[in-house]
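Next comes work20.csv, a file with CSV, C-alpha atoms and all ligand atoms.
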```csv
chain,number,residue,atom,x,y,z
A,1,MET,CA,-4.5,-0.2,15.4
A,2,HIS,CA,-2.5,-3.0,16.7
A,3,ASN,CA,1.2,-2.7,17.4
A,4,ASN,CA,2.0,-6.0,16.0
A,5,HIS,CA,4.0,-5.1,12.8
A,6,ARG,CA,3.9,-8.6,11.6
A,7,SER,CA,0.1,-8.9,11.3
A,8,VAL,CA,-0.9,-7.7,7.8
A,9,VAL,CA,-4.3,-7.1,6.2
A,10,VAL,CA,-4.3,-7.0,2.4
A,11,LEU,CA,-7.0,-5.0,0.5
A,12,ILE,CA,-7.8,-6.0,-3.0
A,13,SER,CA,-10.3,-5.3,-5.8
A,14,GLY,CA,-9.3,-7.9,-8.5
A,15,ASN,CA,-6.9,-10.5,-9.6
A,16,GLY,CA,-4.6,-10.4,-6.7
A,17,SER,CA,-1.3,-11.4,-8.2
A,18,ASN,CA,0.4,-9.1,-5.7
A,19,LEU,CA,-1.6,-10.8,-2.9
A,20,GLN,CA,-0.4,-14.2,-4.3
A,21,ALA,CA,3.2,-13.0,-4.0
A,22,LEU,CA,2.7,-11.8,-0.5
A,23,LEU,CA,1.0,-15.1,0.4
A,24,ASP,CA,3.8,-17.2,-1.1
A,25,PHE,CA,6.5,-15.1,0.6
A,26,SER,CA,4.7,-15.2,4.0
A,27,ASN,CA,5.5,-18.9,4.3
A,28,ALA,CA,9.2,-18.2,4.6
A,29,GLY,CA,8.8,-14.5,5.6
A,30,ASN,CA,8.5,-12.7,8.9
A,31,TYR,CA,4.9,-11.5,8.5
A,32,ARG,CA,1.5,-13.1,8.7
A,33,ILE,CA,-1.5,-12.3,6.5
A,34,SER,CA,-4.3,-12.1,9.0
A,35,GLY,CA,-7.1,-11.3,6.6
A,36,VAL,CA,-7.9,-10.2,3.0
A,37,ILE,CA,-10.6,-7.7,2.3
A,38,SER,CA,-12.1,-6.9,-1.1
A,39,ASN,CA,-14.6,-4.2,-2.2
A,40,LYS,CA,-15.7,-6.6,-4.9
A,41,SER,CA,-17.3,-10.0,-4.2
A,42,ASP,CA,-16.0,-11.5,-7.4
A,43,ALA,CA,-12.4,-10.5,-7.0
A,44,TYR,CA,-10.3,-13.5,-7.9
A,45,GLY,CA,-7.9,-12.7,-5.1
A,46,LEU,CA,-10.5,-13.8,-2.6
A,47,GLN,CA,-10.1,-17.4,-3.9
A,48,ARG,CA,-6.4,-17.1,-3.7
A,49,ALA,CA,-6.8,-16.2,0.0
A,50,GLU,CA,-9.3,-19.0,0.7
A,51,GLN,CA,-6.9,-21.5,-0.9
A,52,CYS,CA,-4.4,-20.6,1.7
A,53,ASN,CA,-7.0,-20.7,4.5
A,54,ILE,CA,-6.8,-17.0,5.1
A,55,PRO,CA,-10.0,-15.4,6.3
A,56,THR,CA,-11.7,-13.0,3.9
A,57,THR,CA,-14.2,-10.1,4.2
A,58,VAL,CA,-16.1,-8.4,1.4
A,59,VAL,CA,-17.1,-4.7,2.0
A,60,GLU,CA,-18.9,-3.7,-1.2
A,61,HIS,CA,-18.6,0.0,-1.8
A,62,ARG,CA,-21.8,0.0,-3.8
A,63,ARG,CA,-23.8,-0.7,-0.7
A,64,TYR,CA,-22.8,2.5,1.0
A,65,ALA,CA,-24.3,5.9,0.2
A,66,ASN,CA,-21.0,7.8,0.4
A,67,ARG,CA,-17.3,7.4,0.9
A,68,ASP,CA,-17.4,8.2,4.6
A,69,LEU,CA,-19.8,5.3,5.3
A,70,PHE,CA,-17.8,2.9,3.1
A,71,ASP,CA,-14.6,3.9,4.9
A,72,LYS,CA,-16.2,3.4,8.3
A,73,ALA,CA,-17.4,-0.1,7.3
A,74,LEU,CA,-13.9,-0.8,5.9
A,75,SER,CA,-12.3,0.3,9.1
A,76,GLU,CA,-14.5,-2.0,11.1
A,77,ALA,CA,-13.7,-4.9,8.9
A,78,ILE,CA,-10.0,-4.2,9.2
A,79,ASP,CA,-10.0,-3.8,12.9
A,80,VAL,CA,-11.4,-7.3,13.4
A,81,TYR,CA,-8.0,-8.6,12.2
A,82,GLU,CA,-6.0,-6.3,14.5
A,83,PRO,CA,-3.3,-5.7,11.9
A,84,GLY,CA,-0.2,-3.6,12.3
A,85,LEU,CA,-0.1,-2.9,8.6
A,86,ILE,CA,-2.6,-2.5,5.8
A,87,VAL,CA,-1.3,-3.4,2.4
A,88,LEU,CA,-3.2,-2.1,-0.7
A,89,ALA,CA,-2.7,-4.6,-3.5
A,90,GLY,CA,-4.7,-3.5,-6.5
A,91,PHE,CA,-7.3,-1.9,-4.3
A,92,MET,CA,-9.2,0.4,-6.6
A,93,ARG,CA,-11.0,2.7,-4.1
A,94,ILE,CA,-9.7,6.1,-3.0
A,95,LEU,CA,-9.5,6.3,0.8
A,96,GLY,CA,-10.8,9.4,2.6
A,97,ALA,CA,-8.7,11.7,4.7
A,98,ASP,CA,-10.1,10.5,8.0
A,99,PHE,CA,-9.4,6.9,7.1
A,100,VAL,CA,-5.8,7.7,6.2
A,101,LYS,CA,-5.3,9.7,9.4
A,102,ARG,CA,-6.6,6.9,11.5
A,103,TYR,CA,-4.0,4.5,10.1
A,104,ASN,CA,-1.3,7.0,9.6
A,105,GLY,CA,2.0,5.4,8.8
A,106,LYS,CA,0.4,1.9,8.6
A,107,ILE,CA,-0.8,1.8,5.0
A,108,LEU,CA,1.4,0.8,2.0
A,109,ASN,CA,0.4,0.9,-1.7
A,110,ILE,CA,2.0,-0.4,-4.8
A,111,HIS,CA,1.7,1.8,-7.9
A,112,PRO,CA,2.8,0.9,-11.5
A,113,SER,CA,5.0,3.9,-12.3
A,114,LEU,CA,8.1,5.7,-11.1
A,115,LEU,CA,6.4,8.1,-8.7
A,116,PRO,CA,6.1,11.0,-8.5
A,117,ASN,CA,5.7,10.6,-12.2
A,118,TYR,CA,2.5,9.2,-13.5
A,119,PRO,CA,0.1,9.0,-10.6
A,120,GLY,CA,-3.4,7.8,-11.4
A,121,THR,CA,-4.5,5.1,-13.8
A,122,ASN,CA,-3.5,3.8,-17.2
A,123,THR,CA,0.1,4.4,-16.5
A,124,HIS,CA,1.6,2.0,-19.0
A,125,GLN,CA,-0.1,3.6,-22.0
A,126,ARG,CA,0.6,7.1,-20.7
A,127,VAL,CA,4.3,6.3,-20.3
A,128,LEU,CA,4.4,4.9,-23.9
A,129,ASP,CA,2.5,7.9,-25.3
A,130,ALA,CA,5.1,10.3,-23.7
A,131,GLY,CA,8.0,8.4,-25.3
A,132,GLU,CA,9.6,7.5,-22.0
A,133,LYS,CA,12.7,5.3,-22.0
A,134,LEU,CA,12.2,4.2,-18.4
A,135,HIS,CA,9.2,2.8,-16.5
A,136,GLY,CA,8.8,1.1,-13.2
A,137,VAL,CA,7.0,0.4,-10.0
A,138,SER,CA,6.8,2.2,-6.7
A,139,VAL,CA,5.8,1.1,-3.2
A,140,HIS,CA,4.8,4.1,-1.0
A,141,PHE,CA,3.2,5.1,2.2
A,142,VAL,CA,-0.3,6.2,1.8
A,143,THR,CA,-1.1,9.7,2.8
A,144,GLU,CA,-4.0,12.0,2.0
A,145,GLU,CA,-2.6,12.9,-1.4
A,146,LEU,CA,-3.5,10.2,-4.1
A,147,ASP,CA,-0.4,8.3,-5.1
A,148,GLY,CA,1.5,11.1,-3.4
A,149,GLY,CA,2.9,9.6,-0.1
A,150,PRO,CA,6.6,9.2,0.3
A,151,VAL,CA,8.1,6.5,-1.8
A,152,VAL,CA,9.7,3.6,0.0
A,153,ALA,CA,11.2,1.6,-2.9
A,154,GLN,CA,11.2,1.6,-6.6
A,155,GLU,CA,12.3,-0.8,-9.3
A,156,SER,CA,12.8,0.4,-12.9
A,157,ILE,CA,12.6,-1.3,-16.3
A,158,ALA,CA,13.9,-0.1,-19.6
A,159,ILE,CA,11.2,0.4,-22.2
A,160,GLU,CA,12.1,-1.6,-25.4
A,161,SER,CA,10.9,-0.6,-28.9
A,162,ILE,CA,8.7,-3.8,-29.0
A,163,ASP,CA,6.9,-2.9,-25.7
A,164,ASP,CA,3.2,-2.1,-25.7
A,165,SER,CA,1.0,-1.6,-22.7
A,166,GLU,CA,0.4,-5.3,-22.3
A,167,THR,CA,4.1,-6.3,-22.3
A,168,LEU,CA,4.8,-3.4,-19.9
A,169,ALA,CA,2.0,-4.6,-17.6
A,170,LEU,CA,3.5,-8.1,-17.5
A,171,ARG,CA,7.0,-6.9,-17.0
A,172,ILE,CA,5.9,-4.5,-14.2
A,173,HIS,CA,3.9,-7.3,-12.5
A,174,TYR,CA,7.0,-9.5,-12.4
A,175,LYS,CA,8.9,-6.7,-10.6
A,176,GLU,CA,6.0,-6.0,-8.3
A,177,ARG,CA,5.9,-9.6,-7.1
A,178,ILE,CA,9.5,-9.3,-5.9
A,179,LEU,CA,9.4,-5.7,-4.6
A,180,TYR,CA,6.2,-5.8,-2.5
A,181,PRO,CA,7.0,-8.8,-0.2
A,182,ALA,CA,10.5,-7.3,0.4
A,183,VAL,CA,9.0,-4.0,1.6
A,184,VAL,CA,6.4,-5.6,3.7
A,185,SER,CA,9.2,-7.6,5.4
A,186,TRP,CA,11.1,-4.4,6.2
A,187,PHE,CA,7.9,-3.0,7.9
A,188,ALA,CA,7.4,-6.3,9.8
A,189,ASP,CA,10.9,-6.1,11.1
A,190,GLY,CA,10.2,-2.6,12.4
A,191,ARG,CA,12.8,-1.1,9.9
A,192,LEU,CA,10.4,1.2,8.1
A,193,ARG,CA,8.5,4.1,9.4
A,194,LEU,CA,6.7,7.3,8.2
A,195,GLU,CA,7.3,10.5,10.1
A,196,ALA,CA,5.4,13.6,8.9
A,197,ASN,CA,5.8,13.2,5.1
A,198,ASP,CA,9.1,11.3,5.2
A,199,ALA,CA,9.9,7.6,5.0
A,200,PHE,CA,12.8,6.2,7.0
A,201,LEU,CA,14.5,2.8,6.5
A,202,ASP,CA,16.8,1.8,9.3
A,203,GLU,CA,16.5,5.4,10.6
A,204,GLN,CA,17.9,6.7,7.4
A,205,LEU,CA,15.7,9.3,5.6
A,206,LEU,CA,14.9,7.8,2.2
A,207,PRO,CA,15.3,9.9,-0.9
A,208,GLU,CA,12.4,11.0,-3.0
A,209,THR,CA,12.8,7.9,-5.2
A,210,GLY,CA,12.9,5.6,-2.2
A,211,GLN,CA,15.2,2.7,-1.9
A,212,ARG,CA,16.1,2.2,-5.5
A,213,ILE,CA,16.6,-1.5,-6.4
A,214,PRO,CA,18.8,-1.8,-9.4
A,215,SER,CA,17.1,-3.2,-12.5
A,216,SER,CA,18.1,-6.8,-13.3
A,301,LIG,C1,-0.9,-3.7,-10.0
A,301,LIG,O1,-0.3,-3.4,-11.2
A,301,LIG,C2,-0.6,-2.6,-9.0
A,301,LIG,O2,0.5,-1.9,-9.2
A,301,LIG,C3,-1.8,-1.8,-9.2
A,301,LIG,O3,-2.9,-2.6,-9.5
A,301,LIG,C4,-2.4,-3.8,-10.0
A,301,LIG,C5,-2.9,-5.0,-9.2
A,301,LIG,O4,-2.7,-6.2,-9.8
A,301,LIG,N1,-2.0,-0.9,-8.0
A,301,LIG,P1,-3.1,-7.5,-8.9
A,301,LIG,O5,-4.5,-7.5,-8.5
A,301,LIG,O6,-2.2,-7.6,-7.7
A,301,LIG,O7,-2.8,-8.7,-9.9
```

Please go through the file and, once you have read it, give me the structure as structure tokens.
Ligand code: GRF
Amino acid sequence: MHNNHRSVVVLISGNGSNLQALLDFSNAGNYRISGVISNKSDAYGLQRAEQCNIPTTVVEHRRYANRDLFDKALSEAIDVYEPGLIVLAGFMRILGADFVKRYNGKILNIHPSLLPNYPGTNTHQRVLDAGEKLHGVSVHFVTEELDGGPVVAQESIAIESIDDSETLALRIHYKERILYPAVVSWFADGRLRLEANDAFLDEQLLPETGQRIPSS
């Protein structure tokens, strides 16, 4: 893994609206997207990258007999770009323990819930079904535990009576597009680090809920 914190590889599986936000912000920001990797050849995010002249790689999980082989191919594709940070942006594959160890402290993920609540998929509907009043989005370091690594930042939204899973998805996406580039910038500036299972921002241990950004 490269020590250049400012070189970022983004892993996607689909639409790539978070990727788009990271691309847009990188023009004025302090990091550079060196490459975009998708496990699906038809991910729309690949076109977004190409429009910005960012190199892309497809590593199709279906071509590999098991997770270890896929993870190995993915590592090889990543290392070509010599990134200092791997950003998961709607990347829908679970990464194995060896992969996560290899890039320890260098992988961020964005998850549409207020972690540690609601890890896993289908979060908007599950939050509604549980009658929650508050929902949100978390950026966290990736560790071996799925959606379980220390939270770096969160932003919350109040659930209104008219909300359904689609309106929540839209409202969360809007927050994601602001939150993720901000956190990637912190990392690029060397302000953010993982030590054991704790996240530090400016050498301050972050609380379980990360750096909470007030809802606006
Ligand atoms: C986002 O909601 C993100 O939180 C989740 O997957 C979705 C990706 O959307 N991990 P996009 O591909 O960035 O548009």

Shell of 7 Å around stretch 208-214 of chain A, all atoms listed in the file, local chain residues under 4 positions omitted, as a PyMOL selection string: chain A and resi 150-155

Could you save the residues just selected, with C-alpha atoms, as a JSON list (two decimals), in the coordinates of the input?
```
[["chain", "number", "residue", "atom", "x", "y", "z"],
["A", 150, "PRO", "CA", 6.60, 9.20, 0.30],
["A", 151, "VAL", "CA", 8.10, 6.50, -1.80],
["A", 152, "VAL", "CA", 9.70, 3.60, 0.00],
["A", 153, "ALA", "CA", 11.20, 1.60, -2.90],
["A", 154, "GLN", "CA", 11.20, 1.60, -6.60],
["A", 155, "GLU", "CA", 12.30, -0.80, -9.30]]
```

Contacts with ligand LIG 301 (chain A) at most 10 Å, all atoms listed in the file counted, listed as number ranges by chain: A: 11-22, 43-45, 88-92, 109-113, 120-124, 136-139, 147, 169-177, 180

How about saving the chosen residues, C-alpha atoms kept, as a compact mmCIF listing (two decimals), in the frame of the given file?
```txt
# COMPACT_ATOMS: atom_id res chain seq x y z
CA LEU A 11 -7.00 -5.00 0.50
CA ILE A 12 -7.80 -6.00 -3.00
CA SER A 13 -10.30 -5.30 -5.80
CA GLY A 14 -9.30 -7.90 -8.50
CA ASN A 15 -6.90 -10.50 -9.60
CA GLY A 16 -4.60 -10.40 -6.70
CA SER A 17 -1.30 -11.40 -8.20
CA ASN A 18 0.40 -9.10 -5.70
CA LEU A 19 -1.60 -10.80 -2.90
CA GLN A 20 -0.40 -14.20 -4.30
CA ALA A 21 3.20 -13.00 -4.00
CA LEU A 22 2.70 -11.80 -0.50
CA ALA A 43 -12.40 -10.50 -7.00
CA TYR A 44 -10.30 -13.50 -7.90
CA GLY A 45 -7.90 -12.70 -5.10
CA LEU A 88 -3.20 -2.10 -0.70
CA ALA A 89 -2.70 -4.60 -3.50
CA GLY A 90 -4.70 -3.50 -6.50
CA PHE A 91 -7.30 -1.90 -4.30
CA MET A 92 -9.20 0.40 -6.60
CA ASN A 109 0.40 0.90 -1.70
CA ILE A 110 2.00 -0.40 -4.80
CA HIS A 111 1.70 1.80 -7.90
CA PRO A 112 2.80 0.90 -11.50
CA SER A 113 5.00 3.90 -12.30
CA GLY A 120 -3.40 7.80 -11.40
CA THR A 121 -4.50 5.10 -13.80
CA ASN A 122 -3.50 3.80 -17.20
CA THR A 123 0.10 4.40 -16.50
CA HIS A 124 1.60 2.00 -19.00
CA GLY A 136 8.80 1.10 -13.20
CA VAL A 137 7.00 0.40 -10.00
CA SER A 138 6.80 2.20 -6.70
CA VAL A 139 5.80 1.10 -3.20
CA ASP A 147 -0.40 8.30 -5.10
CA ALA A 169 2.00 -4.60 -17.60
CA LEU A 170 3.50 -8.10 -17.50
CA ARG A 171 7.00 -6.90 -17.00
CA ILE A 172 5.90 -4.50 -14.20
CA HIS A 173 3.90 -7.30 -12.50
CA TYR A 174 7.00 -9.50 -12.40
CA LYS A 175 8.90 -6.70 -10.60
CA GLU A 176 6.00 -6.00 -8.30
CA ARG A 177 5.90 -9.60 -7.10
CA TYR A 180 6.20 -5.80 -2.50
```

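Atom pair atom CA of A:Asn104 / atom CA of A:Ser185: separated by 18.5 Å.
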
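Excluding stretch 189-195 of chain A itself and same-chain residues fewer than 6 positions from it, the residues having an atom within 8 Å of it are His5, Arg6, Asn30, Gly105, Phe141, Leu201, Asp202 and Glu203 of chain A, counting only C-alpha atoms.
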
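Closest to A:Ile54 among A:Val87, A:Leu95, A:Val9, A:Ala77 is A:Val9, based on only C-alpha atoms.
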
Option closest in space to A:Val59, from A:Gly148, A:Asp42, A:Lys101, A:Phe187 [counting all atoms listed in the file]: A:Asp42

Can you list, as an mmCIF file with C-alpha atoms, in the coordinates of the input, every protein, DNA or RNA residue that comes within 8 Å of A:Gly35 when you count only C-alpha atoms, leaving out same-chain residues fewer than 4 positions away?
```cif
data_model
loop_
_atom_site.group_PDB
_atom_site.id
_atom_site.type_symbol
_atom_site.label_atom_id
_atom_site.label_comp_id
_atom_site.auth_asym_id
_atom_site.auth_seq_id
_atom_site.Cartn_x
_atom_site.Cartn_y
_atom_site.Cartn_z
ATOM 1 C CA VAL A 8 -0.900 -7.700 7.800
ATOM 2 C CA VAL A 9 -4.300 -7.100 6.200
ATOM 3 C CA VAL A 10 -4.300 -7.000 2.400
ATOM 4 C CA ILE A 54 -6.800 -17.000 5.100
ATOM 5 C CA PRO A 55 -10.000 -15.400 6.300
ATOM 6 C CA THR A 56 -11.700 -13.000 3.900
ATOM 7 C CA THR A 57 -14.200 -10.100 4.200
ATOM 8 C CA TYR A 81 -8.000 -8.600 12.200
#
```

Nearest to A:Ile86 by atom-to-atom distance, counting all atoms listed in the file, from A:Ser7, A:Gln47, A:Asn197, A:Ser165: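 Residue with the minimum atom-to-atom distance to A:Ile86: A:Ser7.
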